[in-house]
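> First the structure, then my questions, so here it is.
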Amino acid sequence: MTVHMNGQPIYDIIFTQSFDALPEEMERLNIKNRRIMVVSDMNVGTIYTQGIVDLLRDYCKEIQSFIFKAGEKNKNLDVVRSLYEALIVNEFDRGDMLVALGGGVVGDLTGFAAATYLRGIDFVQIPTSLLAQADSSIGGKTGVDFSSYKNMVGAFHMPKLVYINVSTLNSLPDREFVSGMGEIIKYGMIRDADYFRWLMQHTRDIKAKDTETLLEMLRVSCNIKREIVEKDPKEQGDRALLNLGHTIGHAIEKTLNFELLHGECVAMGLIFSSKLSEQKGLISYEDYEEICDLITAFEFPDFPEDLNIKKVIKATKNDKKRASGQIKFIVLKKIGEACIDMSVTDEDMENAINAVYEEIE
């Protein structure tokens, strides 16, 4: 699958079941005389980094690795600083390349470092989590958190290749796998009702990590994101629709000090946003129930009993997608169609969240 910008091809997304084709795909990027730094976290790095280094060693000038502690709390400027230092000490120049091997945290941080080191060097995404394969590795959004404010420092910097090996999902903890479904369900909700219902029909095969089902699921999700990103690469319009569930989801993440995974918070945000859409008369209660049923089918964690709703709403004020002080809230017009609503108030959000909690009591 090829992603374009201004009508020109800029990178390919490869869907496969192994790393066997990686050297050939990397050779297309003329790595023979380039240094490569493979960036990963301790969880992924212990499983895959050495294998990737060994696989590419004979195809490039030099290859090294940089491993940092896993977790959202380490997606920060201090780790970026350490990565800069490793690149400088090893004399990486503008012709060299970074490889992001891991989940969304690794991809976001590596992409940001690539965008800013020497004013920009190339990087490749090798996403190993479902969330990264379906969402964060595609589209060129990079960034790190700043003082617990999520993705407040970042840049748009497109990768040169996205290499998706679905076999890595077999080593992914079940909780991380389910987390990725939060983003995948979002794609059906915003753009493709048939895909949404396909997810409902294939829930069992998805949870069983059936290879062909996963490949089909990722192809559709990635194609939806490709279409949106090509139309709006810098989030001036339709790309904002990808933030369905994220305004409240990010606020929950921050309020709970990142104790829940990103996709888990997005799933909650999807339910709250759907309830808000239903309360505004945009979708039917039946549509809202269908959305809840699909999310419930993937066994996301229960809603926190002690969630401070006032703090969550206050945290939405730090949403980086605000415009002129107003939140660009994404609502549903129907399953498969979303739109931007600039009129959503604190009261609207509070009413929606309270209504969901009343229903689950």
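Within each chain, counting starts at residue 1; across the structure tokens, chains are named A, B, ... in the order shown, with ligands numbered 1 upward in that order.
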Pull the strand (DSSP E or B) assignments for stretch 120-341 of chain A out of DSSP run on the backbone, and list those residues as number ranges by chain.

A: 122-127, 141-146, 149-156, 161-165, 323, 326, 329-334, 337-341

> Output the selection as a PDB file, in the first residue's frame - C-alpha atoms for each residue.


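What follows is the written file result23.pdb:
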```pdb
ATOM      1  CA  ASP A 122      15.115   9.611   7.506  1.00  0.00           C
ATOM      2  CA  PHE A 123      13.387   7.022   9.627  1.00  0.00           C
ATOM      3  CA  VAL A 124      11.533   3.740   9.178  1.00  0.00           C
ATOM      4  CA  GLN A 125       8.633   2.390  11.214  1.00  0.00           C
ATOM      5  CA  ILE A 126       8.577  -1.292  12.227  1.00  0.00           C
ATOM      6  CA  PRO A 127       5.502  -1.310  14.489  1.00  0.00           C
ATOM      7  CA  LYS A 141       2.657  12.498  13.365  1.00  0.00           C
ATOM      8  CA  THR A 142       5.520  12.361  15.860  1.00  0.00           C
ATOM      9  CA  GLY A 143       5.839  13.694  19.366  1.00  0.00           C
ATOM     10  CA  VAL A 144       6.640  13.316  23.035  1.00  0.00           C
ATOM     11  CA  ASP A 145       4.830  14.145  26.234  1.00  0.00           C
ATOM     12  CA  PHE A 146       5.770  17.215  28.270  1.00  0.00           C
ATOM     13  CA  TYR A 149       0.730  16.687  28.875  1.00  0.00           C
ATOM     14  CA  LYS A 150       0.374  14.150  26.097  1.00  0.00           C
ATOM     15  CA  ASN A 151       2.099  14.785  22.741  1.00  0.00           C
ATOM     16  CA  MET A 152       2.464  18.509  23.406  1.00  0.00           C
ATOM     17  CA  VAL A 153       5.857  18.643  21.656  1.00  0.00           C
ATOM     18  CA  GLY A 154       5.975  17.186  18.171  1.00  0.00           C
ATOM     19  CA  ALA A 155       6.421  17.518  14.438  1.00  0.00           C
ATOM     20  CA  PHE A 156       5.042  16.143  11.199  1.00  0.00           C
ATOM     21  CA  LEU A 161       8.757   2.838   5.050  1.00  0.00           C
ATOM     22  CA  VAL A 162       6.231   1.165   7.361  1.00  0.00           C
ATOM     23  CA  TYR A 163       6.916  -2.565   7.705  1.00  0.00           C
ATOM     24  CA  ILE A 164       4.062  -4.421   9.414  1.00  0.00           C
ATOM     25  CA  ASN A 165       4.859  -7.978  10.499  1.00  0.00           C
ATOM     26  CA  ALA A 323      -8.668  26.229  18.075  1.00  0.00           C
ATOM     27  CA  GLN A 326     -12.512  26.021  21.628  1.00  0.00           C
ATOM     28  CA  PHE A 329     -14.813  17.790  19.440  1.00  0.00           C
ATOM     29  CA  ILE A 330     -15.522  14.892  17.094  1.00  0.00           C
ATOM     30  CA  VAL A 331     -19.081  13.589  17.117  1.00  0.00           C
ATOM     31  CA  LEU A 332     -20.921  10.931  15.132  1.00  0.00           C
ATOM     32  CA  LYS A 333     -23.654  11.655  12.609  1.00  0.00           C
ATOM     33  CA  LYS A 334     -24.093   7.909  12.171  1.00  0.00           C
ATOM     34  CA  GLU A 337     -19.671   9.151   9.487  1.00  0.00           C
ATOM     35  CA  ALA A 338     -18.140  11.663  11.907  1.00  0.00           C
ATOM     36  CA  CYS A 339     -17.836  15.439  11.935  1.00  0.00           C
ATOM     37  CA  ILE A 340     -16.234  18.269  13.903  1.00  0.00           C
ATOM     38  CA  ASP A 341     -18.449  20.020  16.462  1.00  0.00           C
TER      39      ASP A 341
END
```

> Quick one: residues within 12 Å of A:Gly237, only C-alpha atoms counted, chain neighbours fewer than 3 positions away excluded, as a list of chain:residue names?

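Using only C-alpha atoms, the neighbours found are A:Ile228, A:Val229, A:Glu230, A:Lys231, A:Asp232, A:Pro233, A:Lys234, A:Ala240, A:Leu241, A:Leu242, A:Asn243, A:Lys321, A:Lys328, A:Ile330, A:Cys339, A:Ile340.
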
> Restrict the selected residues to N, CA and C atoms and save them as a short mmCIF file (atom, residue, chain, number, x, y, z; two decimals), in the first residue's frame.


```
data_model
loop_
_atom_site.label_atom_id
_atom_site.label_comp_id
_atom_site.auth_asym_id
_atom_site.auth_seq_id
_atom_site.Cartn_x
_atom_site.Cartn_y
_atom_site.Cartn_z
N ILE A 228 -7.33 9.44 4.51
CA ILE A 228 -7.51 10.68 5.27
C ILE A 228 -6.23 11.50 5.30
N VAL A 229 -5.09 10.83 5.52
CA VAL A 229 -3.81 11.52 5.60
C VAL A 229 -3.43 12.14 4.26
N GLU A 230 -3.69 11.42 3.18
CA GLU A 230 -3.37 11.97 1.86
C GLU A 230 -4.17 13.23 1.59
N LYS A 231 -5.41 13.25 2.03
CA LYS A 231 -6.27 14.41 1.80
C LYS A 231 -5.89 15.58 2.70
N ASP A 232 -5.41 15.27 3.90
CA ASP A 232 -5.15 16.31 4.89
C ASP A 232 -3.91 15.97 5.71
N PRO A 233 -2.70 16.10 5.13
CA PRO A 233 -1.48 15.64 5.81
C PRO A 233 -1.13 16.41 7.08
N LYS A 234 -1.55 17.67 7.20
CA LYS A 234 -1.16 18.49 8.36
C LYS A 234 -2.33 18.81 9.30
N ALA A 240 -8.71 15.67 11.45
CA ALA A 240 -9.16 15.82 12.83
C ALA A 240 -10.18 14.75 13.21
N LEU A 241 -10.86 14.16 12.21
CA LEU A 241 -11.84 13.12 12.51
C LEU A 241 -11.20 11.91 13.17
N LEU A 242 -9.90 11.71 12.94
CA LEU A 242 -9.17 10.60 13.55
C LEU A 242 -9.12 10.74 15.08
N ASN A 243 -9.50 11.91 15.58
CA ASN A 243 -9.45 12.15 17.02
C ASN A 243 -10.75 11.79 17.73
N LYS A 321 -5.62 19.99 20.24
CA LYS A 321 -6.42 20.21 19.04
C LYS A 321 -7.41 21.37 19.20
N LYS A 328 -12.07 21.20 19.32
CA LYS A 328 -12.60 20.57 18.11
C LYS A 328 -13.08 19.17 18.49
N ILE A 330 -15.04 15.73 18.20
CA ILE A 330 -15.52 14.89 17.09
C ILE A 330 -16.75 14.13 17.56
N CYS A 339 -18.04 14.04 12.32
CA CYS A 339 -17.84 15.44 11.94
C CYS A 339 -17.28 16.21 13.13
N ILE A 340 -16.76 17.39 12.86
CA ILE A 340 -16.23 18.27 13.90
C ILE A 340 -17.38 19.11 14.46
#
```

> Could you pull the residues within 7 Å of A:Leu109, counting only C-alpha atoms, minus those fewer than 2 positions along the same chain, as JSON, numbers by chain?

{"A": [75, 80, 105, 106, 107, 111, 112, 113, 142, 143, 144]}

> Dump N, CA and C atoms for the selected residues as a PDB file, in the first residue's frame?


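Wrote it out as part-v7.pdb, contents follow:
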```
ATOM      1  N   LYS A  75       8.223   8.521  27.317  1.00  0.00           N
ATOM      2  CA  LYS A  75       8.120   9.224  26.029  1.00  0.00           C
ATOM      3  C   LYS A  75       8.288  10.715  26.303  1.00  0.00           C
ATOM      4  N   VAL A  80      14.749  11.570  24.547  1.00  0.00           N
ATOM      5  CA  VAL A  80      15.164  12.116  23.251  1.00  0.00           C
ATOM      6  C   VAL A  80      16.569  12.688  23.348  1.00  0.00           C
ATOM      7  N   VAL A 105       4.722   4.331  21.505  1.00  0.00           N
ATOM      8  CA  VAL A 105       5.677   5.178  22.230  1.00  0.00           C
ATOM      9  C   VAL A 105       7.004   5.238  21.488  1.00  0.00           C
ATOM     10  N   VAL A 106       7.490   4.088  21.067  1.00  0.00           N
ATOM     11  CA  VAL A 106       8.765   4.025  20.337  1.00  0.00           C
ATOM     12  C   VAL A 106       8.654   4.768  19.009  1.00  0.00           C
ATOM     13  N   GLY A 107       7.573   4.553  18.291  1.00  0.00           N
ATOM     14  CA  GLY A 107       7.406   5.202  16.997  1.00  0.00           C
ATOM     15  C   GLY A 107       7.311   6.706  17.114  1.00  0.00           C
ATOM     16  N   GLY A 111      10.328   9.011  15.740  1.00  0.00           N
ATOM     17  CA  GLY A 111       9.958   9.930  14.670  1.00  0.00           C
ATOM     18  C   GLY A 111      10.268  11.371  15.018  1.00  0.00           C
ATOM     19  N   PHE A 112      10.004  11.744  16.285  1.00  0.00           N
ATOM     20  CA  PHE A 112      10.312  13.110  16.712  1.00  0.00           C
ATOM     21  C   PHE A 112      11.816  13.363  16.687  1.00  0.00           C
ATOM     22  N   ALA A 113      12.588  12.389  17.169  1.00  0.00           N
ATOM     23  CA  ALA A 113      14.048  12.547  17.126  1.00  0.00           C
ATOM     24  C   ALA A 113      14.536  12.673  15.686  1.00  0.00           C
ATOM     25  N   THR A 142       4.529  12.782  14.872  1.00  0.00           N
ATOM     26  CA  THR A 142       5.520  12.361  15.860  1.00  0.00           C
ATOM     27  C   THR A 142       5.407  13.272  17.075  1.00  0.00           C
ATOM     28  N   GLY A 143       5.904  12.813  18.211  1.00  0.00           N
ATOM     29  CA  GLY A 143       5.839  13.694  19.366  1.00  0.00           C
ATOM     30  C   GLY A 143       6.183  13.002  20.658  1.00  0.00           C
ATOM     31  N   VAL A 144       6.378  13.815  21.683  1.00  0.00           N
ATOM     32  CA  VAL A 144       6.640  13.316  23.035  1.00  0.00           C
ATOM     33  C   VAL A 144       5.766  14.085  24.014  1.00  0.00           C
TER      34      VAL A 144
END
```

> Taking only C-alpha atoms into account, name the residue in A:Ile138, A:Tyr48, A:Phe298, A:Ile31 that is nearest to A:Glu227.

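The closest residue to A:Glu227 is A:Ile138.
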
> So which residues touch A:Ala132 within 8 Å, counting only C-alpha atoms, skipping near sequence neighbours fewer than 5 positions away, as number ranges by chain?

A: 102-104, 107, 127, 137, 180

> Save out the residues we just selected, C-alpha atoms, as an mmCIF file, in the first residue's frame.


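The resulting file, again-v1.cif, is reproduced below:
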```cif
data_model
loop_
_atom_site.group_PDB
_atom_site.id
_atom_site.type_symbol
_atom_site.label_atom_id
_atom_site.label_comp_id
_atom_site.auth_asym_id
_atom_site.auth_seq_id
_atom_site.Cartn_x
_atom_site.Cartn_y
_atom_site.Cartn_z
ATOM 1 C CA GLY A 102 8.186 -1.147 18.816
ATOM 2 C CA GLY A 103 4.798 0.244 19.722
ATOM 3 C CA GLY A 104 3.360 3.723 19.592
ATOM 4 C CA GLY A 107 7.406 5.202 16.997
ATOM 5 C CA PRO A 127 5.502 -1.310 14.489
ATOM 6 C CA SER A 137 2.980 4.319 12.586
ATOM 7 C CA GLY A 180 -5.102 -1.560 19.894
#
```

> Measure the distance from atom CA of A:Ile353 to atom CA of A:Phe272 in Å and round it to one decimal.

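For atom CA of A:Ile353 relative to atom CA of A:Phe272, the distance reads 5.7 Å.
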
> Give me, please, the distance in Å between atom CA of A:Leu270 and atom CA of A:Asn318, quoted to one decimal.

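Distance between the two atoms: 18.8 Å.
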
> Do you know which residues are at most 12 Å from A:Glu359 counting only C-alpha atoms, after dropping those on the same chain fewer than 2 positions away, and could you put them as a list in words?

Ile271, Phe272, Lys275, Glu289, Cys292, Phe303, Ala352, Ile353, Asn354, Ala355, Val356, Tyr357 and Glu361 of chain A

> Could the residues in this selection be written to a file with C-alpha atoms, as a short mmCIF file (atom, residue, chain, number, x, y, z; two decimals), in the first residue's frame?


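The result, written out as out_12.cif:
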```cif
data_model
loop_
_atom_site.label_atom_id
_atom_site.label_comp_id
_atom_site.auth_asym_id
_atom_site.auth_seq_id
_atom_site.Cartn_x
_atom_site.Cartn_y
_atom_site.Cartn_z
CA ILE A 271 -18.37 5.43 24.34
CA PHE A 272 -18.59 8.87 25.94
CA LYS A 275 -23.37 9.00 24.20
CA GLU A 289 -25.87 0.42 21.93
CA CYS A 292 -21.05 -0.27 23.23
CA PHE A 303 -14.67 1.99 33.80
CA ALA A 352 -22.56 12.27 28.66
CA ILE A 353 -20.05 10.81 31.10
CA ASN A 354 -22.57 10.79 33.94
CA ALA A 355 -25.17 9.12 31.73
CA VAL A 356 -22.78 6.30 30.80
CA TYR A 357 -21.90 5.72 34.45
CA GLU A 361 -24.37 0.82 37.58
#
```

> Let me make sure I understand: among A:Leu77, A:Ile335, A:Ile88, A:Leu261, which one has the smallest atom-to-atom distance to A:Asp192 if we use only C-alpha atoms?

A:Ile335

> From a DSSP calculation on the backbone, collect every residue of stretch 17-128 of chain A in alpha helix (DSSP H) and output the set as an NGL selection string.

:A and (22-27 or 42-44 or 50-56 or 77-89 or 104-116)

> Using only C-alpha atoms, pick whichever of A:Ser179, A:Gln279, A:Thr168, A:Thr213 has the shortest atom-to-atom distance to A:Gly263.

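Between A:Ser179, A:Gln279, A:Thr168, A:Thr213, the residue approaching A:Gly263 most closely is A:Ser179.
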
> Which of these residues is nearest to A:Tyr187, using only C-alpha atoms: A:Asn43, A:Val266, A:Thr116, A:Gly336?

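Nearest candidate to A:Tyr187 out of A:Asn43, A:Val266, A:Thr116, A:Gly336: A:Gly336.
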
> As an NGL selection string, please: the residues near A:Met97 (cut-off 12 Å, only C-alpha atoms, same-chain neighbours under 5 positions excluded).

:A and (26 or 29-39 or 60-65 or 87 or 91-92 or 110-111 or 113-115 or 117-118 or 120-125 or 159-161)

> For C-alpha atoms, I'd like the residues from the last selection saved as a compact mmCIF listing (two decimals), in the first residue's frame.


```txt
# COMPACT_ATOMS: atom_id res chain seq x y z
CA MET A 26 15.43 -1.49 3.20
CA LEU A 29 16.09 3.03 0.57
CA ASN A 30 19.77 2.86 -0.47
CA ILE A 31 21.12 1.85 2.94
CA LYS A 32 24.41 0.45 1.64
CA ASN A 33 26.41 3.52 2.69
CA ARG A 34 24.24 4.61 5.59
CA ARG A 35 24.45 4.14 9.35
CA ILE A 36 21.30 2.79 11.01
CA MET A 37 20.23 3.23 14.63
CA VAL A 38 17.51 0.81 15.71
CA VAL A 39 15.49 2.41 18.51
CA CYS A 60 24.26 -1.16 5.52
CA LYS A 61 27.44 0.69 6.46
CA GLU A 62 26.93 0.23 10.20
CA ILE A 63 24.05 -0.67 12.52
CA GLN A 64 23.62 0.01 16.23
CA SER A 65 20.77 0.00 18.72
CA LEU A 87 23.68 9.76 17.52
CA GLU A 91 28.77 10.49 14.27
CA PHE A 92 25.40 10.00 12.61
CA THR A 110 11.88 7.96 17.27
CA GLY A 111 9.96 9.93 14.67
CA ALA A 113 14.05 12.55 17.13
CA ALA A 114 14.37 11.93 13.38
CA ALA A 115 12.40 15.10 12.61
CA TYR A 117 18.13 15.73 14.69
CA LEU A 118 20.22 17.81 12.26
CA GLY A 120 15.63 16.08 9.92
CA ILE A 121 16.91 12.63 8.96
CA ASP A 122 15.12 9.61 7.51
CA PHE A 123 13.39 7.02 9.63
CA VAL A 124 11.53 3.74 9.18
CA GLN A 125 8.63 2.39 11.21
CA PRO A 159 8.60 7.75 7.51
CA LYS A 160 10.32 6.26 4.47
CA LEU A 161 8.76 2.84 5.05
```

> So which one's closest to A:Leu199, A:Leu294, A:His250, A:Leu215, A:Ser136? Using only C-alpha atoms, please.

A:Leu294
